[in-house]
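Structure file run.txt; described as compact mmCIF, C-alpha atoms.
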```
# COMPACT_ATOMS: atom_id res chain seq x y z
CA MET A 27 0.00 0.00 0.00
CA ASN A 28 1.35 3.45 -0.86
CA ARG A 29 1.55 6.29 1.58
CA ILE A 30 -1.67 7.66 3.06
CA HIS A 31 -1.22 11.19 4.29
CA GLY A 32 -2.48 11.69 7.80
CA PRO A 33 -6.16 12.48 8.26
CA GLN A 34 -7.60 13.89 11.44
CA PRO A 35 -7.72 11.30 14.26
CA HIS A 36 -11.51 11.48 14.52
CA ARG A 37 -11.80 10.16 10.94
CA ILE A 38 -9.81 7.08 11.92
CA ARG A 39 -11.95 6.51 14.99
CA GLN A 40 -15.10 6.90 12.88
CA LEU A 41 -13.89 4.26 10.42
CA GLU A 42 -12.83 1.93 13.22
CA ASP A 43 -16.23 2.24 14.92
CA LEU A 44 -18.03 1.66 11.62
CA LEU A 45 -16.12 -1.52 10.76
CA LEU A 46 -15.78 -3.10 14.19
CA GLU A 47 -18.75 -1.95 16.22
CA GLN A 48 -21.53 -1.12 13.78
CA SER A 49 -21.07 -3.52 10.87
CA GLY A 50 -18.77 -6.28 12.18
CA GLN A 51 -16.98 -6.42 8.82
CA VAL A 52 -13.69 -6.31 10.74
CA SER A 53 -13.68 -8.62 13.74
CA THR A 54 -10.60 -7.22 15.52
CA LEU A 55 -7.99 -4.51 15.11
CA GLN A 56 -4.89 -5.35 17.10
CA PRO A 57 -1.23 -4.36 17.28
CA LEU A 58 1.25 -6.93 16.00
CA ASP A 59 3.83 -6.45 18.73
CA ASP A 60 4.87 -10.01 19.57
CA PHE A 61 7.94 -11.18 17.67
CA TYR A 62 10.45 -13.98 17.38
CA ASN A 63 13.60 -13.30 19.36
CA ASP A 64 15.70 -13.95 16.25
CA GLU A 65 13.76 -11.54 14.01
CA PRO A 66 13.61 -7.74 13.81
CA ARG A 67 10.69 -6.32 15.70
CA GLY A 68 8.02 -5.66 13.10
CA GLN A 69 5.42 -3.67 14.95
CA GLY A 70 2.23 -3.00 13.08
CA TRP A 71 -1.54 -3.31 13.13
CA VAL A 72 -3.69 -6.19 11.91
CA ALA A 73 -7.31 -5.76 10.82
CA GLN A 74 -8.74 -9.27 11.10
CA LEU A 75 -11.55 -10.05 8.66
CA PRO A 76 -14.10 -12.67 9.71
CA PRO A 77 -14.36 -15.79 7.50
CA ASN A 78 -16.47 -14.65 4.57
CA ALA A 79 -16.26 -13.98 0.85
CA HIS A 80 -13.49 -11.39 1.18
CA LEU A 81 -10.81 -13.80 0.00
CA PRO A 82 -8.88 -12.87 -3.15
CA LEU A 83 -7.33 -15.82 -4.95
CA GLY A 84 -4.36 -17.09 -2.99
CA SER A 85 -5.33 -15.67 0.39
CA ALA A 86 -4.77 -17.72 3.52
CA HIS A 87 -7.82 -19.16 5.25
CA ASN A 88 -7.20 -16.70 8.09
CA PRO A 89 -7.37 -13.44 6.11
CA ARG A 90 -5.35 -10.66 7.73
CA ALA A 91 -5.23 -7.15 6.33
CA THR A 92 -1.70 -6.31 7.39
CA GLY A 93 -1.24 -2.98 5.68
CA GLY A 94 -0.51 -1.13 8.91
CA ARG A 95 3.26 -1.23 9.41
CA GLY A 96 4.65 0.83 12.25
CA ARG A 97 2.98 2.42 15.24
CA GLY A 98 0.43 5.14 15.83
CA GLU A 99 -2.67 6.43 14.11
CA LEU A 100 -1.39 6.19 10.55
CA ALA A 101 -0.46 2.51 10.83
CA ARG A 102 -3.88 1.71 12.27
CA LEU A 103 -5.50 3.58 9.42
CA LYS A 104 -3.53 1.64 6.80
CA ALA A 105 -4.75 -1.70 8.18
CA LEU A 106 -8.35 -0.44 8.11
CA MET A 107 -7.93 0.87 4.57
CA GLU A 108 -6.63 -2.48 3.35
CA ALA A 109 -9.65 -4.13 4.97
CA ALA A 110 -11.85 -1.62 3.13
CA GLU A 111 -10.24 -2.59 -0.17
CA ARG A 112 -10.85 -6.30 0.36
CA ILE A 113 -14.45 -5.78 1.40
CA CYS A 114 -15.33 -3.54 -1.55
CA LEU A 115 -13.49 -5.72 -4.07
CA SER A 116 -15.56 -8.74 -3.09
CA THR A 117 -18.90 -6.93 -2.79
CA ILE A 118 -20.15 -7.49 -6.32
CA PRO A 119 -23.27 -5.48 -7.28
CA LYS A 120 -24.67 -8.29 -9.42
CA GLY A 121 -27.90 -6.43 -10.13
CA GLU A 122 -25.95 -3.55 -11.69
CA LEU A 123 -23.72 -5.61 -13.98
CA ARG A 124 -24.59 -5.97 -17.65
CA TYR A 125 -24.05 -9.18 -19.59
CA GLY A 126 -23.30 -9.72 -23.24
CA THR A 127 -20.66 -9.62 -25.95
CA VAL A 128 -18.63 -6.59 -27.02
CA SER A 129 -20.77 -6.18 -30.14
CA GLU A 130 -23.92 -5.72 -28.01
CA PHE A 131 -22.69 -2.50 -26.37
CA ASP A 132 -21.99 0.92 -27.84
CA ASN A 133 -19.33 2.08 -25.42
CA CYS A 134 -17.12 -0.61 -23.96
CA LEU A 135 -13.44 -1.41 -23.60
CA THR A 136 -12.46 -3.55 -26.56
CA ALA A 137 -9.62 -5.91 -27.39
CA GLU A 138 -7.80 -3.18 -29.34
CA ALA A 139 -7.00 -1.36 -26.08
CA PHE A 140 -4.86 -4.29 -24.92
CA PRO A 141 -1.46 -5.49 -26.14
CA ALA A 142 -0.72 -9.09 -27.09
CA PRO A 143 -1.39 -11.71 -25.85
CA TRP A 144 -4.66 -10.42 -24.30
CA ARG A 145 -5.72 -8.54 -27.44
CA ASP A 146 -5.88 -11.85 -29.32
CA SER A 147 -7.79 -13.77 -26.66
CA PRO A 148 -11.00 -15.58 -27.69
CA VAL A 149 -12.55 -14.10 -24.53
CA TRP A 150 -13.48 -10.99 -26.53
CA ARG A 151 -15.90 -13.04 -28.65
CA MET A 152 -17.69 -14.46 -25.62
CA PRO A 153 -20.43 -12.96 -23.43
CA LEU A 154 -19.01 -11.26 -20.33
CA HIS A 155 -20.23 -9.36 -17.30
CA TRP A 156 -19.52 -5.62 -17.56
CA CYS A 157 -19.42 -2.77 -15.08
CA GLU A 158 -19.19 0.99 -15.43
CA ALA A 159 -15.97 3.01 -15.29
CA THR A 160 -14.69 6.43 -16.28
CA LYS A 161 -11.49 7.50 -17.99
CA ILE A 162 -8.80 8.52 -15.50
CA GLY A 163 -8.33 12.28 -15.61
CA SER A 164 -11.75 12.84 -17.23
CA PRO A 165 -14.35 12.21 -14.50
CA SER A 166 -17.09 14.00 -16.46
CA SER A 167 -16.53 11.97 -19.63
CA THR A 168 -19.07 9.45 -20.88
CA PRO A 169 -18.85 6.26 -18.78
CA ILE A 170 -17.35 3.21 -20.44
CA MET A 171 -18.13 -0.46 -19.79
CA ILE A 172 -15.18 -2.66 -18.72
CA PRO A 173 -15.10 -6.39 -17.91
CA ALA A 174 -16.17 -6.92 -14.29
CA GLN A 175 -13.52 -9.63 -13.92
CA LEU A 176 -10.86 -6.87 -14.17
CA VAL A 177 -12.47 -5.03 -11.25
CA TYR A 178 -13.88 -7.39 -8.65
CA CYS A 179 -12.08 -10.13 -6.74
CA PRO A 180 -12.89 -12.91 -6.31
CA PHE A 181 -14.89 -13.04 -9.56
CA ARG A 182 -15.56 -15.87 -11.99
CA GLU A 183 -17.54 -15.93 -15.20
CA THR A 184 -20.04 -18.74 -15.59
CA ASP A 185 -17.92 -20.11 -18.42
CA GLU A 186 -14.32 -20.44 -17.19
CA ARG A 187 -13.10 -19.96 -20.75
CA ALA A 188 -14.34 -16.36 -20.56
CA MET A 189 -11.63 -15.27 -18.11
CA LEU A 190 -9.04 -12.87 -19.55
CA TRP A 191 -6.77 -13.38 -16.52
CA ASP A 192 -7.07 -14.31 -12.87
CA PRO A 193 -8.81 -11.56 -10.89
CA SER A 194 -6.66 -9.96 -8.20
CA SER A 195 -6.60 -6.96 -5.90
CA ASN A 196 -3.85 -5.37 -8.01
CA GLY A 197 -4.79 -1.75 -8.77
CA ALA A 198 -7.23 -1.34 -5.87
CA ALA A 199 -6.87 1.42 -3.30
CA ALA A 200 -8.82 3.28 -0.64
CA GLY A 201 -8.49 6.97 0.16
CA PHE A 202 -10.27 9.98 1.56
CA SER A 203 -11.15 11.06 -1.98
CA VAL A 204 -11.52 9.34 -5.33
CA GLU A 205 -8.57 11.32 -6.68
CA ASP A 206 -6.27 10.20 -3.85
CA ALA A 207 -7.34 6.58 -4.23
CA VAL A 208 -6.77 6.66 -8.01
CA VAL A 209 -3.21 7.95 -7.61
CA ARG A 210 -2.31 5.23 -5.12
CA ALA A 211 -4.04 2.49 -7.14
CA THR A 212 -2.19 3.54 -10.29
CA ARG A 213 1.15 3.38 -8.50
CA GLU A 214 0.40 -0.13 -7.31
CA ALA A 215 -0.60 -1.31 -10.80
CA PHE A 216 2.56 0.22 -12.27
CA GLU A 217 4.71 -1.39 -9.56
CA ARG A 218 3.34 -4.84 -10.41
CA HIS A 219 3.89 -4.15 -14.11
CA ALA A 220 7.57 -3.40 -13.47
CA ILE A 221 8.30 -6.32 -11.14
CA MET A 222 6.59 -8.88 -13.39
CA LEU A 223 8.48 -7.79 -16.50
CA SER A 224 11.76 -7.49 -14.63
CA HIS A 225 11.48 -11.07 -13.43
CA TYR A 226 10.20 -12.89 -16.49
CA LEU A 227 12.40 -10.95 -18.94
CA ARG A 228 15.31 -11.12 -16.45
CA LEU A 229 15.94 -7.38 -16.55
CA ASN A 230 17.98 -6.03 -13.68
CA GLY A 231 17.70 -2.84 -11.68
CA ARG A 232 20.25 -0.46 -10.20
CA GLU A 233 21.44 -1.64 -6.80
CA TRP A 234 21.53 0.86 -3.95
CA ASP A 235 23.12 0.64 -0.54
CA TRP A 236 20.14 1.39 1.67
CA ARG A 237 22.43 2.61 4.45
CA ASP A 238 23.38 5.60 2.30
CA LEU A 239 19.77 6.77 1.84
CA ALA A 240 17.77 9.14 4.05
CA LEU A 241 15.12 6.58 4.96
CA GLU A 242 12.34 7.17 7.45
CA PRO A 243 13.26 6.10 11.00
CA GLY A 244 10.93 3.05 11.07
CA PRO A 245 12.28 1.15 8.05
CA MET A 246 15.85 2.16 8.86
CA ALA A 247 15.66 0.89 12.44
CA MET A 248 14.03 -2.35 11.33
CA ALA A 249 16.69 -2.94 8.67
CA MET A 250 19.55 -2.19 11.05
CA GLU A 251 18.15 -4.63 13.60
CA ALA A 252 17.69 -7.27 10.88
CA THR A 253 21.32 -6.85 9.84
CA ALA A 254 22.48 -7.18 13.44
CA LEU A 255 20.55 -10.47 13.61
CA GLY A 256 22.43 -11.83 10.59
CA LEU A 257 19.94 -11.15 7.77
CA ARG A 258 21.26 -9.79 4.46
CA ILE A 259 19.29 -7.02 2.75
CA ARG A 260 19.72 -5.88 -0.86
CA VAL A 261 17.62 -3.37 -2.80
CA ALA A 262 17.44 -2.44 -6.48
CA CYS A 263 15.54 0.31 -8.28
CA LEU A 264 13.94 -1.06 -11.44
CA VAL A 265 12.66 2.26 -12.86
CA GLU A 266 12.67 5.88 -11.78
CA THR A 267 9.91 7.32 -13.96
CA PRO A 268 7.08 8.05 -13.73
CA PHE A 269 7.65 6.84 -10.14
CA PRO A 270 10.47 4.84 -8.55
CA VAL A 271 9.81 1.09 -8.24
CA VAL A 272 12.11 -0.80 -5.88
CA VAL A 273 12.53 -4.49 -5.05
CA CYS A 274 14.16 -5.91 -1.94
CA CYS A 275 15.56 -9.36 -1.16
CA VAL A 276 16.14 -10.49 2.42
CA VAL A 277 18.34 -13.57 2.78
CA ASP A 278 18.62 -15.64 5.96
CA PRO A 279 21.85 -17.68 5.83
CA SER A 280 21.13 -19.50 9.11
CA GLY A 281 19.11 -22.36 7.61
CA ARG A 282 15.82 -21.18 9.13
CA PHE A 283 12.72 -20.91 6.98
CA PRO A 284 12.28 -18.71 5.03
CA ALA A 285 15.73 -18.52 3.46
CA LEU A 286 14.57 -15.74 1.11
CA THR A 287 11.74 -13.23 1.14
CA THR A 288 11.05 -10.37 -1.25
CA GLY A 289 9.28 -7.04 -1.14
CA SER A 290 8.45 -4.35 -3.67
CA ALA A 291 7.14 -0.80 -3.49
CA CYS A 292 6.40 2.22 -5.63
CA GLY A 293 6.84 5.64 -4.02
CA VAL A 294 6.96 9.34 -4.74
CA SER A 295 10.69 9.18 -4.01
CA LEU A 296 13.44 6.57 -4.12
CA GLU A 297 13.70 6.67 -0.33
CA GLU A 298 9.99 6.01 0.16
CA ALA A 299 10.06 3.10 -2.28
CA VAL A 300 13.18 1.59 -0.68
CA GLY A 301 11.68 1.85 2.81
CA GLY A 302 8.44 0.26 1.64
CA ALA A 303 10.14 -2.61 -0.19
CA MET A 304 12.41 -3.41 2.77
CA SER A 305 9.52 -3.31 5.24
CA GLU A 306 7.46 -5.65 3.04
CA ALA A 307 10.31 -8.16 2.66
CA LEU A 308 11.00 -8.19 6.41
CA TYR A 309 7.32 -8.45 7.36
CA ALA A 310 6.97 -11.35 4.94
CA ARG A 311 9.33 -13.34 7.18
CA ARG A 312 6.91 -13.07 10.08
CA GLN A 313 3.95 -14.16 7.95
CA ALA A 314 5.91 -17.11 6.55
CA ARG A 315 7.07 -18.34 9.95
CA ASP A 316 3.61 -17.95 11.48
CA PHE A 317 1.71 -19.90 8.83
CA LEU A 318 3.98 -21.73 6.38
CA THR A 319 7.01 -23.20 8.18
CA ASN A 320 5.87 -26.82 7.82
CA VAL A 321 4.20 -26.52 4.42
CA ALA A 322 5.77 -28.63 1.66
CA ALA A 323 7.13 -26.81 -1.38
CA VAL A 324 5.17 -27.16 -4.64
CA ASP A 325 6.76 -27.74 -8.04
CA ALA A 326 7.27 -24.46 -9.91
CA ARG A 327 4.80 -25.42 -12.64
CA ASP A 328 2.04 -26.07 -10.10
CA LEU A 329 2.15 -22.81 -8.14
CA GLU A 330 -1.33 -21.34 -7.75
CA THR A 331 -1.35 -19.08 -4.69
CA ILE A 332 0.67 -16.43 -2.87
CA GLU A 333 1.44 -18.99 -0.19
CA ASP A 334 2.80 -21.44 -2.75
CA ARG A 335 5.25 -18.79 -3.92
CA VAL A 336 6.39 -17.85 -0.42
CA VAL A 337 7.16 -21.51 0.35
CA TYR A 338 8.88 -22.10 -3.01
CA TRP A 339 11.18 -19.09 -2.64
CA GLY A 340 11.73 -19.72 1.06
CA GLN A 341 13.85 -22.81 0.38
CA PRO A 342 17.65 -22.54 0.81
CA GLN A 343 18.42 -23.43 -2.81
CA THR A 344 16.67 -20.28 -4.08
CA VAL A 345 18.80 -17.63 -2.41
CA GLU A 346 21.05 -16.90 -5.42
CA ARG A 347 18.39 -17.09 -8.12
CA LEU A 348 17.48 -13.41 -7.84
CA ASP A 349 21.04 -12.10 -7.97
CA TYR A 350 20.36 -10.90 -11.53
CA LEU A 351 18.25 -8.07 -10.05
CA PHE A 352 21.24 -6.22 -8.67
CA GLY A 353 23.02 -4.44 -11.50
CA SER A 354 24.11 -0.92 -12.34
CA SER A 355 21.48 0.07 -14.92
CA MET A 356 17.70 0.05 -15.42
CA PRO A 357 16.87 -1.52 -18.81
CA LEU A 358 13.13 -1.35 -18.06
CA GLU A 359 13.31 2.46 -18.03
CA GLY A 360 11.81 3.96 -21.17
CA THR A 361 11.16 0.77 -23.12
CA TYR A 362 8.57 -0.46 -20.62
CA THR A 363 7.59 2.83 -18.98
CA ASN A 364 6.94 5.45 -21.69
CA GLY A 365 3.26 5.67 -22.57
CA PHE A 366 2.14 2.67 -20.55
CA LEU A 367 -0.09 4.81 -18.28
CA ASP A 368 -1.51 6.98 -21.05
CA GLU A 369 -4.81 5.07 -21.08
CA GLY A 370 -6.50 4.15 -17.83
CA TYR A 371 -9.97 3.68 -16.37
CA VAL A 372 -11.32 3.79 -12.85
CA ALA A 373 -14.28 1.96 -11.35
CA ASP A 374 -15.59 3.43 -8.10
CA ILE A 375 -16.42 0.34 -6.02
CA THR A 376 -17.17 2.17 -2.77
CA THR A 377 -19.97 0.49 -0.83
CA PRO A 378 -22.57 2.62 1.01
CA LEU A 379 -20.92 1.66 4.31
CA PHE A 380 -17.60 3.29 3.36
CA ALA A 381 -19.21 6.22 1.59
CA LYS A 382 -20.87 6.99 4.93
CA ALA A 383 -17.41 7.23 6.52
CA GLY A 384 -16.03 9.45 3.74
CA ILE A 385 -13.90 6.67 2.26
CA SER A 386 -13.53 6.07 -1.48
CA VAL A 387 -12.41 2.69 -2.82
CA VAL A 388 -11.47 2.30 -6.47
CA LYS A 389 -10.08 -0.22 -8.90
CA VAL A 390 -8.03 1.06 -11.83
CA VAL A 391 -7.50 -0.71 -15.14
CA HIS A 392 -4.58 0.33 -17.34
CA PRO A 393 -4.88 -1.91 -20.41
CA ARG A 394 -1.23 -1.53 -21.47
CA LEU A 395 0.26 -2.73 -18.19
CA GLN A 396 1.46 -6.25 -17.45
CA PRO A 397 -0.99 -7.77 -14.93
CA LEU A 398 0.01 -9.62 -11.79
CA PHE A 399 -0.86 -13.33 -11.61
CA PHE A 400 -0.43 -16.08 -9.04
CA ALA A 401 -1.25 -19.29 -10.92
CA GLU A 402 1.90 -20.14 -12.87
CA GLY A 403 -0.15 -22.13 -15.35
CA GLU A 404 -1.95 -18.90 -16.32
CA LYS A 405 1.29 -17.02 -17.03
CA ARG A 406 0.99 -14.53 -19.88
CA ILE A 407 3.68 -11.93 -20.59
CA LEU A 408 3.28 -8.54 -22.25
CA GLY A 409 4.05 -8.62 -25.96
CA ASP A 410 3.78 -12.41 -26.07
CA PRO A 411 7.55 -12.99 -26.33
CA ASP A 412 8.97 -16.31 -27.44
CA ALA A 413 8.95 -18.85 -24.63
CA SER A 414 12.72 -19.24 -24.86
CA SER A 415 13.19 -15.63 -23.79
CA ILE A 416 11.00 -15.92 -20.66
CA SER A 417 12.39 -17.06 -17.33
CA SER A 418 11.18 -20.50 -16.32
CA GLU A 419 11.38 -19.50 -12.64
CA PRO A 420 8.05 -18.40 -11.10
CA HIS A 421 7.99 -14.82 -9.88
CA PRO A 422 8.71 -14.34 -6.15
CA TYR A 423 6.31 -11.48 -5.39
CA ALA A 424 3.12 -11.35 -3.35
```
For the file at hand, write its structure as structure tokens.
Amino acid sequence: MNRIHGPQPHRIRQLEDLLLEQSGQVSTLQPLDDFYNDEPRGQGWVAQLPPNAHLPLGSAHNPRATGGRGRGELARLKALMEAAERICLSTIPKGELRYGTVSEFDNCLTAEAFPAPWRDSPVWRMPLHWCEATKIGSPSSTPIMIPAQLVYCPFRETDERAMLWDPSSNGAAAGFSVEDAVVRATREAFERHAIMLSHYLRLNGREWDWRDLALEPGPMAMAMEATALGLRIRVACLVETPFPVVVCCVVDPSGRFPALTTGSACGVSLEEAVGGAMSEALYARRQARDFLTNVAAVDARDLETIEDRVVYWGQPQTVERLDYLFGSSMPLEGTYTNGFLDEGYVADITTPLFAKAGISVVKVVHPRLQPLFFAEGEKRILGDPDASSISSEPHPYA
């Protein structure tokens, strides 16, 4: 989740009361202060969702919205906002969706907006469910219909063959205005675009020594403690424009699981992106040790969930497989950044509950971006490159 600038404390309390006390859509909101004595202290807040439909593909059976890293009001807010995203993504207004083929509608997103391989998919000749969206930057423009499967999650068409790609939460964000939410959602979608292409096309980034950067105190303290405990942290910037996208690898040479975790972030500055990527990679260790320590690794070709990927990459034999990331240049810059955000659409998926609290939740769709996927069998890469030029290793990102 990208940075949320601090609202007034009463807004946070209002949202907390709405979700926990009035609606019960969040069962608990608690600090994550307990820690392993051989791990950096990763204080944060956890908004616990009750068992329900708010489970994007690949989520654990105990869904935790762990967006709140750090202490204080802002961290609590981030956990609540991530809960808001999950709830709105999975609240599908079935009575408002339209159903039919592209040829039956006058104003809908067509195959021509997408690059290969999605442009050539037979899905575009099949009946789909559609929802309303507007062009980003033109809120008063005529609404356009976009496939509902690109907005809601989880979502399945009646005919499984009519799925363009696996629905995910990628490109969803909550904010105190639609405009704020759109900016953050776009950054997330662009981040996933960059990390997917970097991995499968094996394109490196520019390595930075995080100790030389003016990071915020929280990520810096956490990284210093991790280093003192024997963990190795490396970061690389994949692109700098239109926003910096950074990846982080944390290696544990002790033989404990996980041997490797990754994080990624997109920020308004290099320092913000580095701090976010490091925090995500370090927090991933806690999640892995809590839930996945005794889970058997799955063959690369059979990976289907986030958890499968964490276990696969957590094995000792993987620790050197991402060394290609750490170079001295950024080959993604320009070739895979210029013009890729020129066309984008936003669906306002705010439910009445969140509208009452002054929260906006959106899902953005940028047709030219590489989507995130979790099922390795559904892997499709932008431009449909020859299979021999695509890495056979599954991507390591959650």
Select from stretch 179-255 of chain A every residue with an atom at most 12 Å from any atom of stretch 100-112 of chain A, then for each give the shortest pair of atoms and their distance in Å to one decimal, using all atoms listed in the file, rows by chain and rising number, as a Markdown table.
```
| residue | atom | partner | partner_atom | distance |
| --- | --- | --- | --- | --- |
| A:Cys179 | CA | A:Arg112 | CA | 8.2 |
| A:Pro180 | CA | A:Arg112 | CA | 9.6 |
| A:Ser194 | CA | A:Arg112 | CA | 10.2 |
| A:Ser195 | CA | A:Arg112 | CA | 7.6 |
| A:Asn196 | CA | A:Glu111 | CA | 10.5 |
| A:Gly197 | CA | A:Glu111 | CA | 10.2 |
| A:Ala198 | CA | A:Glu111 | CA | 6.6 |
| A:Ala199 | CA | A:Glu111 | CA | 6.1 |
| A:Ala200 | CA | A:Met107 | CA | 5.8 |
| A:Gly201 | CA | A:Met107 | CA | 7.5 |
| A:Phe202 | CA | A:Met107 | CA | 9.9 |
| A:Ala207 | CA | A:Glu111 | CA | 10.4 |
| A:Ala211 | CA | A:Glu111 | CA | 10.6 |
| A:Gly244 | CA | A:Ala101 | CA | 11.4 |
```
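If all atoms listed in the file are the atoms counted, then among A:Ala303, A:Leu395, A:Leu348, A:Phe317 the closest residue to A:Asp368 is A:Leu395.
Closest approach to A:Cys274 among A:Ile407, A:Ala262, A:Met171, A:Ala299 is made by A:Ala262 (distances from only C-alpha atoms).
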TODO: Would you work out the distance separating atom CA of A:Gln74 from atom CA of A:Leu55, expressed in Å to one decimal?
DONE: 6.3 Å
Open item on the list: Taking only C-alpha atoms into account, name the residue in A:Thr212, A:Thr160, A:Asn230, A:Ser280 that is nearest to A:Ala373.
Closed with: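 The shortest atom-to-atom distance to A:Ala373 comes from A:Thr160.
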Task: Atomic distance atom CA of A:Ile221 - atom CA of A:Val372, expressed in Å with one decimal - done: 22.1 Å
What are the closest atom pairs, with distances in Å to one decimal, for all residues of stretch 366-421 of chain A lying within 12 Å of stretch 36-39 of chain A? Consider all atoms listed in the file, order rows by chain and residue number, and present the result as a tab-separated table.
```
residue	atom	partner	partner_atom	distance
A:Phe380	CA	A:Arg37	CA	11.8
A:Lys382	CA	A:Arg37	CA	11.3
A:Ala383	CA	A:Arg37	CA	7.7
A:Gly384	CA	A:Arg37	CA	8.4
A:Ile385	CA	A:Arg37	CA	9.6
```
TODO: Return the single residue from A:Ile375, A:Val391, A:Cys263, A:Ala215 that is closest to A:Thr117, with distances computed using all atoms listed in the file.
DONE: A:Ile375
Task: Distance query stretch 42-54 of chain A at most 6 Å, only C-alpha atoms, self and fewer than 5 positions along chain excluded, as a PyMOL selection string - done: chain A and resi 73-76
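Minimum atom-to-atom distance to A:Thr288, evaluated using all atoms listed in the file, belongs to A:Pro422 out of A:Pro173, A:Pro422, A:Pro357, A:Pro268.
Taking all atoms listed in the file into account, A:Pro141 lies nearest to A:Asp410 out of the set A:Asp410, A:Asp328, A:Glu186, A:Asp206.
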Task: Selection near A:Ala240, 12 Å with only C-alpha atoms, sequence-local residues under 6 positions removed, as a ChimeraX atom specification - done: /A:246-247,295-301
TODO: State, in Å with one decimal place, the distance from atom CA of A:Glu233 to atom CA of A:Glu251.
DONE: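 Computed distance, atom CA of A:Glu233 to atom CA of A:Glu251, equals 20.9 Å.
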- [ ] List the neighbours of A:Arg213 out to 10 Å using only C-alpha atoms; skip same-chain residues closer than 2 positions along the sequence, and give me the result as a PyMOL selection string.
- [x] chain A and resi 27-28+197-199+208-211+215-219+268-271+291-294+367
TODO: Using all atoms listed in the file, collect all residues at a distance of at most 10 Å from (-12.3, -1.0, -21.3) as written in the file, then present them as an NGL selection string.
DONE: :A and (133-140 or 156-161 or 170-174 or 176 or 369-372 or 391-393)
Save C-alpha atoms of stretch 225-244 of chain A from the block above as a PDB file, in the first residue's frame.
```pdb
ATOM      1  CA  HIS A 225      11.478 -11.075 -13.433  1.00  0.00           C
ATOM      2  CA  TYR A 226      10.201 -12.893 -16.495  1.00  0.00           C
ATOM      3  CA  LEU A 227      12.404 -10.953 -18.935  1.00  0.00           C
ATOM      4  CA  ARG A 228      15.313 -11.124 -16.448  1.00  0.00           C
ATOM      5  CA  LEU A 229      15.938  -7.381 -16.546  1.00  0.00           C
ATOM      6  CA  ASN A 230      17.980  -6.032 -13.677  1.00  0.00           C
ATOM      7  CA  GLY A 231      17.696  -2.841 -11.681  1.00  0.00           C
ATOM      8  CA  ARG A 232      20.250  -0.463 -10.196  1.00  0.00           C
ATOM      9  CA  GLU A 233      21.442  -1.643  -6.800  1.00  0.00           C
ATOM     10  CA  TRP A 234      21.526   0.863  -3.949  1.00  0.00           C
ATOM     11  CA  ASP A 235      23.123   0.640  -0.538  1.00  0.00           C
ATOM     12  CA  TRP A 236      20.142   1.394   1.671  1.00  0.00           C
ATOM     13  CA  ARG A 237      22.429   2.614   4.454  1.00  0.00           C
ATOM     14  CA  ASP A 238      23.379   5.604   2.301  1.00  0.00           C
ATOM     15  CA  LEU A 239      19.774   6.767   1.842  1.00  0.00           C
ATOM     16  CA  ALA A 240      17.770   9.144   4.047  1.00  0.00           C
ATOM     17  CA  LEU A 241      15.120   6.581   4.962  1.00  0.00           C
ATOM     18  CA  GLU A 242      12.343   7.174   7.445  1.00  0.00           C
ATOM     19  CA  PRO A 243      13.257   6.097  11.003  1.00  0.00           C
ATOM     20  CA  GLY A 244      10.933   3.050  11.070  1.00  0.00           C
TER      21      GLY A 244
END
```
